[in-house]
>>> print(open('structure_22.cif').read())   # mmCIF, C-alpha atoms and all ligand atoms
data_start
loop_
_atom_site.label_atom_id
_atom_site.label_comp_id
_atom_site.auth_asym_id
_atom_site.auth_seq_id
_atom_site.Cartn_x
_atom_site.Cartn_y
_atom_site.Cartn_z
CA MET A 1 -33.30 -5.45 2.57
CA HIS A 2 -30.16 -7.20 3.84
CA PRO A 3 -30.71 -8.63 7.35
CA PHE A 4 -27.81 -6.57 8.79
CA HIS A 5 -28.69 -3.31 7.00
CA ASP A 6 -30.52 -1.54 9.83
CA GLU A 7 -28.18 -2.75 12.52
CA LEU A 8 -25.11 -1.53 10.59
CA LYS A 9 -26.72 1.82 9.86
CA LYS A 10 -27.70 2.36 13.49
CA ARG A 11 -24.33 1.27 14.82
CA LEU A 12 -22.47 3.52 12.37
CA VAL A 13 -24.57 6.58 13.21
CA ARG A 14 -24.26 5.92 16.93
CA TYR A 15 -20.48 5.40 16.83
CA CYS A 16 -19.76 8.33 14.48
CA ALA A 17 -21.55 10.77 16.81
CA ILE A 18 -19.01 9.93 19.54
CA ASP A 19 -15.88 12.10 19.38
CA SER A 20 -12.85 9.80 19.53
CA GLN A 21 -10.24 11.82 17.68
CA ALA A 22 -6.57 10.91 18.16
CA ASP A 23 -3.95 13.56 18.98
CA MET A 24 -0.45 13.28 17.53
CA ASP A 25 1.01 15.70 20.10
CA SER A 26 -0.30 13.86 23.15
CA ARG A 27 2.00 11.58 25.11
CA MET A 28 -0.85 9.66 26.73
CA ALA A 29 -1.92 6.18 25.65
CA PRO A 30 -4.58 6.34 24.33
CA SER A 31 -3.64 9.80 23.10
CA THR A 32 -7.00 11.35 24.07
CA GLU A 33 -9.42 10.80 26.96
CA CYS A 34 -12.38 10.86 24.58
CA GLN A 35 -11.32 7.59 22.96
CA HIS A 36 -12.31 5.88 26.21
CA ASP A 37 -15.95 6.77 25.43
CA MET A 38 -15.79 4.49 22.40
CA LEU A 39 -13.65 1.83 24.12
CA ASP A 40 -15.93 1.66 27.16
CA LEU A 41 -18.95 1.44 24.88
CA MET A 42 -17.30 -1.54 23.14
CA VAL A 43 -16.85 -3.23 26.53
CA THR A 44 -20.51 -2.61 27.43
CA GLU A 45 -21.87 -3.77 24.08
CA LEU A 46 -19.63 -6.85 23.83
CA THR A 47 -20.55 -7.87 27.37
CA GLY A 48 -24.22 -7.25 26.58
CA MET A 49 -24.13 -9.50 23.52
CA GLY A 50 -22.54 -12.34 25.48
CA ALA A 51 -18.93 -12.19 24.29
CA GLN A 52 -16.41 -13.86 26.60
CA ASP A 53 -13.17 -12.59 28.19
CA VAL A 54 -14.12 -8.96 27.47
CA THR A 55 -11.02 -7.00 28.42
CA LYS A 56 -9.83 -3.43 28.14
CA THR A 57 -6.04 -3.60 28.29
CA ALA A 58 -3.86 -1.06 30.07
CA TYR A 59 -2.88 0.30 26.64
CA GLY A 60 -6.52 0.83 25.74
CA THR A 61 -7.35 -1.98 23.33
CA VAL A 62 -10.63 -3.80 23.89
CA ILE A 63 -10.41 -7.54 23.20
CA ALA A 64 -13.09 -10.23 23.46
CA THR A 65 -13.65 -13.86 22.51
CA ILE A 66 -16.41 -15.33 20.39
CA PRO A 67 -16.33 -19.01 21.32
CA GLY A 68 -15.62 -21.44 18.50
CA THR A 69 -17.99 -24.24 17.53
CA ALA A 70 -15.54 -26.06 15.26
CA PRO A 71 -11.80 -26.70 15.03
CA GLY A 72 -9.68 -24.35 12.98
CA PRO A 73 -7.18 -21.52 13.30
CA THR A 74 -8.02 -18.83 15.85
CA LEU A 75 -9.00 -15.74 13.89
CA GLY A 76 -8.79 -12.07 14.82
CA PHE A 77 -11.05 -9.30 13.50
CA LEU A 78 -9.89 -5.75 14.24
CA ALA A 79 -11.03 -2.18 13.74
CA HIS A 80 -9.80 1.11 15.22
CA VAL A 81 -11.98 3.38 17.34
CA ASP A 82 -10.01 6.61 16.86
CA THR A 83 -10.64 9.12 14.09
CA ALA A 84 -8.13 11.17 12.14
CA PRO A 85 -6.56 14.33 13.63
CA GLN A 86 -6.47 16.11 10.23
CA PHE A 87 -9.97 17.63 10.39
CA ASN A 88 -12.56 18.72 12.95
CA ALA A 89 -14.10 15.62 14.57
CA THR A 90 -16.06 17.28 17.39
CA GLY A 91 -19.84 17.43 17.12
CA VAL A 92 -20.19 14.97 14.24
CA LYS A 93 -23.81 14.87 13.05
CA PRO A 94 -24.10 11.75 10.89
CA ARG A 95 -26.84 11.89 8.29
CA VAL A 96 -28.33 9.03 6.27
CA ILE A 97 -29.37 9.71 2.68
CA GLU A 98 -31.78 6.86 2.03
CA GLY A 99 -31.89 5.49 -1.49
CA TYR A 100 -29.31 7.85 -3.02
CA ASN A 101 -30.70 9.29 -6.26
CA GLY A 102 -27.40 9.77 -8.11
CA GLY A 103 -27.36 13.58 -7.78
CA VAL A 104 -25.01 16.05 -6.11
CA ILE A 105 -25.08 15.76 -2.30
CA THR A 106 -25.22 19.07 -0.38
CA TYR A 107 -24.55 19.72 3.29
CA PRO A 108 -26.85 21.41 5.84
CA ASP A 109 -24.02 23.08 7.79
CA ASP A 110 -21.88 24.22 4.83
CA PRO A 111 -23.77 25.37 1.74
CA ASP A 112 -20.52 25.61 -0.27
CA LEU A 113 -19.66 21.97 0.18
CA LEU A 114 -20.69 19.56 -2.58
CA LEU A 115 -20.21 15.82 -3.02
CA SER A 116 -20.63 15.10 -6.70
CA PRO A 117 -20.60 11.76 -8.51
CA ASP A 118 -18.71 13.56 -11.31
CA ASP A 119 -15.79 14.15 -8.94
CA PHE A 120 -16.08 10.79 -7.19
CA PRO A 121 -17.01 8.05 -9.68
CA TYR A 122 -17.35 5.47 -6.90
CA LEU A 123 -20.40 7.42 -5.69
CA ALA A 124 -21.99 7.15 -9.14
CA ASP A 125 -22.03 3.35 -8.65
CA LYS A 126 -24.06 3.66 -5.45
CA VAL A 127 -27.41 4.85 -6.78
CA GLY A 128 -30.15 3.37 -4.60
CA ASP A 129 -27.82 2.78 -1.63
CA ASP A 130 -28.17 4.38 1.80
CA ILE A 131 -25.29 6.87 1.98
CA VAL A 132 -24.05 8.17 5.32
CA THR A 133 -22.26 11.54 5.45
CA ALA A 134 -21.42 14.18 8.05
CA SER A 135 -23.16 17.58 8.07
CA GLY A 136 -20.42 19.74 6.55
CA LEU A 137 -18.39 20.95 9.55
CA THR A 138 -16.67 17.71 10.52
CA LEU A 139 -15.30 14.50 9.15
CA LEU A 140 -17.68 11.53 9.46
CA GLY A 141 -15.33 9.04 11.09
CA ALA A 142 -16.44 6.07 8.96
CA ASP A 143 -12.67 5.55 9.14
CA ASP A 144 -12.90 3.41 11.10
CA LYS A 145 -16.35 3.40 12.75
CA ALA A 146 -17.58 1.56 9.66
CA GLY A 147 -15.06 -1.17 10.53
CA VAL A 148 -16.16 -1.11 14.17
CA ALA A 149 -19.82 -1.47 13.14
CA ILE A 150 -18.96 -4.35 10.79
CA VAL A 151 -16.97 -6.31 13.38
CA MET A 152 -19.57 -5.67 16.12
CA THR A 153 -22.44 -6.78 13.87
CA ALA A 154 -20.60 -9.94 12.83
CA ALA A 155 -19.77 -10.66 16.50
CA ARG A 156 -23.39 -10.18 17.57
CA HIS A 157 -24.60 -12.48 14.79
CA LEU A 158 -22.14 -15.27 15.62
CA LEU A 159 -22.86 -15.08 19.34
CA GLN A 160 -26.59 -15.41 18.67
CA ASN A 161 -26.09 -18.26 16.21
CA PRO A 162 -23.83 -20.90 17.74
CA GLN A 163 -25.03 -23.33 15.05
CA ILE A 164 -22.81 -21.43 12.58
CA LYS A 165 -19.61 -23.47 12.48
CA ARG A 166 -16.56 -21.30 13.12
CA PRO A 167 -13.28 -21.56 15.00
CA THR A 168 -12.58 -19.40 18.04
CA ILE A 169 -12.61 -15.73 17.10
CA ARG A 170 -11.04 -12.81 18.91
CA VAL A 171 -12.28 -9.31 18.15
CA ALA A 172 -10.19 -6.25 19.02
CA PHE A 173 -10.78 -2.51 18.94
CA THR A 174 -7.62 -0.42 18.99
CA PRO A 175 -7.05 3.29 19.74
CA ASP A 176 -4.64 5.65 17.96
CA GLU A 177 -4.29 3.89 14.61
CA GLU A 178 -4.40 7.26 12.87
CA ILE A 179 -1.25 8.44 14.64
CA GLY A 180 0.60 5.16 14.10
CA ARG A 181 0.34 3.98 17.70
CA GLY A 182 -2.43 1.42 17.34
CA VAL A 183 -0.38 -1.70 17.96
CA ASP A 184 1.10 -2.03 21.41
CA PRO A 185 4.04 -4.47 21.69
CA LYS A 186 1.84 -6.63 23.96
CA LEU A 187 -1.04 -6.85 21.48
CA PRO A 188 0.16 -9.95 19.53
CA VAL A 189 0.33 -12.01 22.73
CA ASP A 190 -2.87 -10.56 24.22
CA LEU A 191 -4.72 -11.17 20.97
CA GLY A 192 -3.58 -14.81 20.79
CA VAL A 193 -4.64 -15.59 17.23
CA ASP A 194 -3.13 -17.49 14.32
CA PHE A 195 -3.90 -14.66 11.94
CA ALA A 196 -6.16 -11.65 11.75
CA TYR A 197 -7.86 -9.08 9.54
CA THR A 198 -8.35 -5.35 9.95
CA PHE A 199 -11.57 -3.89 8.56
CA ASP A 200 -10.06 -0.54 7.60
CA GLY A 201 -10.09 -0.51 3.79
CA GLY A 202 -12.09 1.42 1.19
CA ASP A 203 -13.71 0.15 -1.99
CA LEU A 204 -15.91 -2.92 -2.14
CA GLY A 205 -13.74 -5.98 -2.79
CA GLU A 206 -10.48 -4.58 -1.40
CA VAL A 207 -8.11 -7.15 0.11
CA THR A 208 -4.81 -5.46 0.90
CA TYR A 209 -1.71 -7.43 1.74
CA GLU A 210 0.86 -5.05 0.38
CA THR A 211 1.60 -1.74 2.08
CA PHE A 212 4.43 0.76 2.12
CA SER A 213 7.55 0.19 4.16
CA ALA A 214 8.05 3.31 6.23
CA ASP A 215 10.86 5.15 8.00
CA PHE A 216 10.82 8.42 9.91
CA ALA A 217 13.81 10.79 9.81
CA VAL A 218 14.78 13.69 12.03
CA VAL A 219 17.51 16.05 10.85
CA THR A 220 18.95 18.58 13.28
CA VAL A 221 21.11 21.52 12.33
CA THR A 222 23.01 23.35 15.05
CA GLY A 223 24.64 26.59 13.99
CA VAL A 224 26.81 29.04 15.92
CA SER A 225 24.86 31.70 17.77
CA ILE A 226 26.47 35.12 18.14
CA HIS A 227 24.95 38.56 18.70
CA PRO A 228 24.28 39.78 15.14
CA GLY A 229 26.01 43.09 15.92
CA TRP A 230 29.43 41.45 16.03
CA ALA A 231 28.68 38.26 14.12
CA LYS A 232 30.86 38.85 11.10
CA GLY A 233 32.85 35.74 10.27
CA LYS A 234 31.52 33.93 13.35
CA LEU A 235 27.75 33.37 13.20
CA VAL A 236 26.59 30.21 11.45
CA ASN A 237 22.88 30.39 10.67
CA ALA A 238 21.08 27.06 11.03
CA ILE A 239 18.11 28.35 9.03
CA HIS A 240 20.27 28.86 5.92
CA LEU A 241 21.77 25.38 6.23
CA ALA A 242 18.37 23.76 6.79
CA SER A 243 17.07 25.58 3.71
CA LYS A 244 19.99 24.22 1.70
CA ILE A 245 19.15 20.68 2.76
CA ILE A 246 15.56 21.12 1.61
CA ASP A 247 16.74 22.76 -1.59
CA THR A 248 19.20 19.95 -2.38
CA LEU A 249 16.67 17.14 -1.88
CA PRO A 250 14.62 16.04 -4.91
CA GLN A 251 11.60 18.27 -5.48
CA VAL A 252 10.29 17.42 -8.91
CA THR A 253 10.75 13.69 -8.35
CA MET A 254 10.53 11.42 -5.28
CA THR A 255 7.95 13.56 -3.44
CA PRO A 256 4.36 12.47 -2.65
CA GLU A 257 3.00 15.05 -5.08
CA THR A 258 5.10 13.71 -7.98
CA THR A 259 4.76 9.94 -7.44
CA ASP A 260 2.11 7.25 -7.52
CA GLY A 261 1.68 3.51 -8.09
CA THR A 262 4.66 1.64 -6.67
CA GLN A 263 7.02 4.66 -6.52
CA GLY A 264 8.31 5.75 -3.13
CA PHE A 265 9.13 9.20 -1.79
CA ILE A 266 10.89 11.44 0.71
CA HIS A 267 8.35 13.83 2.23
CA ALA A 268 9.39 16.87 4.27
CA VAL A 269 6.65 17.10 6.89
CA ASP A 270 7.92 19.66 9.38
CA MET A 271 10.67 22.26 9.81
CA LYS A 272 11.01 24.45 12.82
CA GLY A 273 13.54 26.24 14.94
CA SER A 274 15.71 29.35 14.86
CA ALA A 275 19.00 30.71 13.55
CA ASP A 276 20.60 28.76 16.33
CA HIS A 277 19.04 25.33 15.90
CA MET A 278 16.69 23.78 13.36
CA GLU A 279 14.82 20.50 13.34
CA LEU A 280 13.50 18.98 10.12
CA ARG A 281 11.23 15.94 9.94
CA PHE A 282 10.74 13.61 7.01
CA ILE A 283 8.78 10.49 6.25
CA LEU A 284 10.39 8.00 3.86
CA ARG A 285 8.22 5.54 1.99
CA ASP A 286 8.74 2.74 -0.51
CA PHE A 287 7.31 -0.71 -1.22
CA GLU A 288 10.77 -2.30 -1.40
CA ARG A 289 13.28 -2.44 1.45
CA ASP A 290 16.29 -1.68 -0.77
CA ALA A 291 14.60 1.32 -2.30
CA LEU A 292 13.60 2.60 1.14
CA ASP A 293 17.19 2.21 2.35
CA ALA A 294 18.36 4.11 -0.73
CA LYS A 295 16.07 7.01 0.20
CA GLY A 296 17.55 7.09 3.68
CA ALA A 297 21.04 7.01 2.18
CA LEU A 298 20.18 9.90 -0.11
CA LEU A 299 18.93 11.98 2.80
CA ARG A 300 22.11 11.25 4.77
CA GLN A 301 24.24 12.09 1.75
CA VAL A 302 22.52 15.45 1.36
CA CYS A 303 23.03 16.18 5.06
CA ASP A 304 26.72 15.20 4.86
CA THR A 305 27.24 17.30 1.74
CA ILE A 306 25.75 20.40 3.31
CA ALA A 307 27.64 19.71 6.57
CA ALA A 308 30.90 19.62 4.59
CA THR A 309 30.28 23.19 3.40
CA GLU A 310 30.27 24.48 6.99
CA PRO A 311 32.48 22.56 9.44
CA ARG A 312 31.44 24.81 12.35
CA ALA A 313 27.84 23.57 12.13
CA GLN A 314 26.61 20.23 13.41
CA ILE A 315 24.15 18.30 11.32
CA THR A 316 22.66 14.99 12.47
CA CYS A 317 20.32 12.65 10.63
CA THR A 318 18.48 9.96 12.62
CA ILE A 319 16.32 7.45 10.76
CA THR A 320 13.93 5.14 12.63
CA PRO A 321 11.80 2.34 11.16
CA GLN A 322 8.01 2.80 11.40
CA TYR A 323 6.50 -0.23 9.68
CA ARG A 324 7.30 -2.69 6.90
CA ASN A 325 5.45 -3.95 3.84
CA MET A 326 3.30 -6.83 5.11
CA ARG A 327 3.92 -8.71 1.84
CA TYR A 328 7.38 -9.77 3.09
CA TRP A 329 5.69 -12.00 5.67
CA LEU A 330 2.46 -12.84 3.89
CA GLU A 331 4.15 -14.12 0.74
CA ASN A 332 5.70 -16.89 2.86
CA ASP A 333 2.25 -18.03 3.91
CA MET A 334 -0.67 -16.71 1.93
CA THR A 335 -3.31 -18.60 3.98
CA PRO A 336 -5.03 -15.46 5.36
CA VAL A 337 -5.11 -13.82 1.91
CA THR A 338 -6.31 -16.99 0.18
CA LEU A 339 -9.07 -17.44 2.76
CA ALA A 340 -10.29 -13.87 2.20
CA ARG A 341 -10.17 -14.35 -1.58
CA GLU A 342 -12.18 -17.55 -1.42
CA ALA A 343 -14.73 -15.89 0.84
CA LEU A 344 -15.04 -12.98 -1.62
CA ALA A 345 -15.52 -15.43 -4.48
CA ASP A 346 -18.27 -17.22 -2.50
CA LEU A 347 -20.05 -13.86 -2.25
CA ASN A 348 -19.50 -13.01 -5.94
CA ILE A 349 -17.61 -9.84 -5.03
CA PRO A 350 -14.78 -9.04 -7.49
CA GLU A 351 -11.46 -8.72 -5.70
CA ILE A 352 -9.29 -5.58 -5.70
CA SER A 353 -5.75 -6.15 -4.40
CA ALA A 354 -3.78 -3.01 -5.23
CA PRO A 355 -0.82 -2.17 -2.96
CA ILE A 356 -1.78 0.69 -0.67
CA ARG A 357 0.36 3.80 -0.37
CA GLY A 358 0.18 3.79 3.41
CA GLY A 359 0.17 1.43 6.34
CA THR A 360 -2.41 -0.11 8.65
CA ASP A 361 -2.41 -1.58 12.13
CA GLY A 362 -2.02 -4.82 10.21
CA SER A 363 1.41 -3.76 8.87
CA ARG A 364 2.82 -3.67 12.40
CA LEU A 365 0.91 -6.74 13.54
CA THR A 366 2.14 -8.76 10.56
CA GLU A 367 5.72 -7.76 11.29
CA MET A 368 5.21 -8.80 14.92
CA GLY A 369 4.11 -12.29 13.91
CA VAL A 370 0.34 -11.95 13.43
CA PRO A 371 -0.33 -12.02 9.66
CA CYS A 372 -3.02 -9.39 9.12
CA PRO A 373 -4.33 -8.30 5.70
CA ASN A 374 -6.73 -5.36 5.48
CA LEU A 375 -10.30 -5.70 4.17
CA PHE A 376 -12.77 -3.21 2.73
CA THR A 377 -15.48 -1.38 4.67
CA GLY A 378 -16.76 0.92 1.90
CA MET A 379 -15.43 4.14 3.50
CA GLN A 380 -14.61 6.95 1.05
CA ASN A 381 -12.94 10.42 1.11
CA VAL A 382 -11.68 9.77 4.61
CA HIS A 383 -10.13 12.39 6.94
CA GLY A 384 -12.23 15.29 5.60
CA PRO A 385 -15.73 16.77 5.39
CA LEU A 386 -16.64 14.81 2.22
CA GLU A 387 -16.21 11.47 3.95
CA TRP A 388 -19.04 9.01 3.25
CA VAL A 389 -19.90 5.34 3.24
CA SER A 390 -22.61 3.18 1.69
CA VAL A 391 -24.49 0.98 4.17
CA GLN A 392 -24.87 -1.60 1.39
CA ASP A 393 -21.06 -1.86 1.11
CA MET A 394 -20.93 -2.39 4.88
CA THR A 395 -23.42 -5.26 4.64
CA LYS A 396 -21.12 -6.94 2.12
CA ALA A 397 -18.08 -6.45 4.37
CA THR A 398 -20.03 -8.05 7.24
CA ASP A 399 -20.93 -10.98 4.97
CA LEU A 400 -17.23 -11.29 4.12
CA CYS A 401 -16.27 -11.35 7.80
CA LEU A 402 -18.79 -14.13 8.50
CA ARG A 403 -17.85 -16.09 5.39
CA ILE A 404 -14.16 -16.02 6.41
CA ALA A 405 -15.13 -17.36 9.83
CA GLU A 406 -17.17 -20.19 8.28
CA ARG A 407 -14.48 -21.09 5.74
CA ALA A 408 -11.80 -21.17 8.44
CA ALA A 409 -13.86 -23.84 10.20
CA GLN A 410 -14.12 -25.92 7.06
CA THR A 411 -10.43 -25.89 6.26
CA ASP A 412 -9.34 -27.76 9.36
ZN ZN A 501 -8.46 3.79 9.31
#
>>> encode(input="structure_22.cif", output="structure tokens")
Amino acid sequence: MHPFHDELKKRLVRYCAIDSQADMDSRMAPSTECQHDMLDLMVTELTGMGAQDVTKTAYGTVIATIPGTAPGPTLGFLAHVDTAPQFNATGVKPRVIEGYNGGVITYPDDPDLLLSPDDFPYLADKVGDDIVTASGLTLLGADDKAGVAIVMTAARHLLQNPQIKRPTIRVAFTPDEEIGRGVDPKLPVDLGVDFAYTFDGGDLGEVTYETFSADFAVVTVTGVSIHPGWAKGKLVNAIHLASKIIDTLPQVTMTPETTDGTQGFIHAVDMKGSADHMELRFILRDFERDALDAKGALLRQVCDTIAATEPRAQITCTITPQYRNMRYWLENDMTPVTLAREALADLNIPEISAPIRGGTDGSRLTEMGVPCPNLFTGMQNVHGPLEWVSVQDMTKATDLCLRIAERAAQTD
């Protein structure tokens, strides 16, 4: 048994049972009160294990120092404490299936739910592992409690073993990653590291340094509101115009459901309003800046074209940047990626470096001057009831974290 196996399993089960779901509609920071339960627990546990400078910032990120015992770049290790808003996350009952036998996994609280290795080939590779799942009614929250458990276990180990040569390390636990608000503008300065890693990836061996670039667009359509009884020739219905915009945008190409690999998309995520006024929301995604700009230009062109058909209506299109592909910064200095790769090689773990069709806290951090690739935790089927993680994968992620710390000390 790996020396961290039981600790990781216990930490994961303990953290997953705590409701810390983020809420997109909240204006608070953190978005939900319950996230403080996790954040305060991090403060207590970090203090208890002897970490220094344990701080909970006003924006709800917990940061602490693991003192260095060798020169080298200051490293950051991050994970997020919130869980996804897409599925029930209240009353999570984590369950450990010890020594998975390779069969179909059933759920105590939902007899219809099945997790089959035929549907999820990654599971078929995990025969003999300890698999952690939820009970059927909730997500598990391994995204990103697995990452939290990995960083906490590595921190505990380093603090207890000062003879392990490593530079100064800062660990951080952020709220609200799942709703894109995990990185406060003050975080890069408060973190104070040369570079960092998030533990928020999936399959064993994943080192991600290429993510989407992302924009958010809001289109408003204002019609002319008149009592329908005497509306002839006067009323301009915003619903019809909004429908035309949707209808004119690509539907059998350039949507999430028709693209994969390195292709980008325009995704209509919300449309609401009335005959009088409509608001449409889109997310725009691409790996390349030019291609992302082209998607914005296409959306504007569609809006302008529909606006030209009805001069009495007002149509606006506002596009705001969300995050940018971290590769733009990392390719100028691949040190953090190279270090992770070398550490993986030391551990004989084959590397997977596919671009991810999404973003991480690291995307924003990288853009703000803290290069921050994303590393695997083992989490699978996240944001739903079939979420699971292998404890054995988590032990390897913890080894990776420690190996990076040791290698960083050697390089200076
Ligand atoms: Zn995550």
>>> residues_around(input="structure_22.cif", residues="Glu98 of chain A", least_positions_apart="6", cutoff="12 Å", atoms="all atoms listed in the file", output="NGL selection string")
:A and (5-6 or 9 or 105 or 126-133 or 390-392)
>>> atom_distance(input="structure_22.cif", atom1="atom CA of Thr248 of chain A", atom2="atom CA of Ala291 of chain A")
19.2 Å
>>> atom_distance(input="structure_22.cif", atom1="atom CA of Asp144 of chain A", atom2="atom CA of Ala29 of chain A")
18.4 Å
>>> closest_atom_pairs(input="structure_22.cif", of="chain A", to="ligand ZN 501 (chain A)", cutoff="9 Å", atoms="all atoms listed in the file", output="Markdown table")
| residue | atom | partner | partner_atom | distance |
| --- | --- | --- | --- | --- |
| A:Ala79 | CA | A:ZN501 | ZN | 7.9 |
| A:His80 | CA | A:ZN501 | ZN | 6.6 |
| A:Val81 | CA | A:ZN501 | ZN | 8.8 |
| A:Asp82 | CA | A:ZN501 | ZN | 8.2 |
| A:Thr83 | CA | A:ZN501 | ZN | 7.5 |
| A:Ala84 | CA | A:ZN501 | ZN | 7.9 |
| A:Gly141 | CA | A:ZN501 | ZN | 8.8 |
| A:Ala142 | CA | A:ZN501 | ZN | 8.3 |
| A:Asp143 | CA | A:ZN501 | ZN | 4.6 |
| A:Asp144 | CA | A:ZN501 | ZN | 4.8 |
| A:Lys145 | CA | A:ZN501 | ZN | 8.6 |
| A:Gly147 | CA | A:ZN501 | ZN | 8.3 |
| A:Glu177 | CA | A:ZN501 | ZN | 6.7 |
| A:Glu178 | CA | A:ZN501 | ZN | 6.4 |
| A:Phe199 | CA | A:ZN501 | ZN | 8.3 |
| A:Asp200 | CA | A:ZN501 | ZN | 4.9 |
| A:Gly201 | CA | A:ZN501 | ZN | 7.2 |
| A:Thr360 | CA | A:ZN501 | ZN | 7.2 |
| A:Asp361 | CA | A:ZN501 | ZN | 8.6 |
| A:Val382 | CA | A:ZN501 | ZN | 8.3 |
>>> closest_residue(input="structure_22.cif", among="A:Asn101, A:Trp230, A:Val207, A:Ala134", to="Gly384 of chain A", atoms="only C-alpha atoms")
A:Ala134
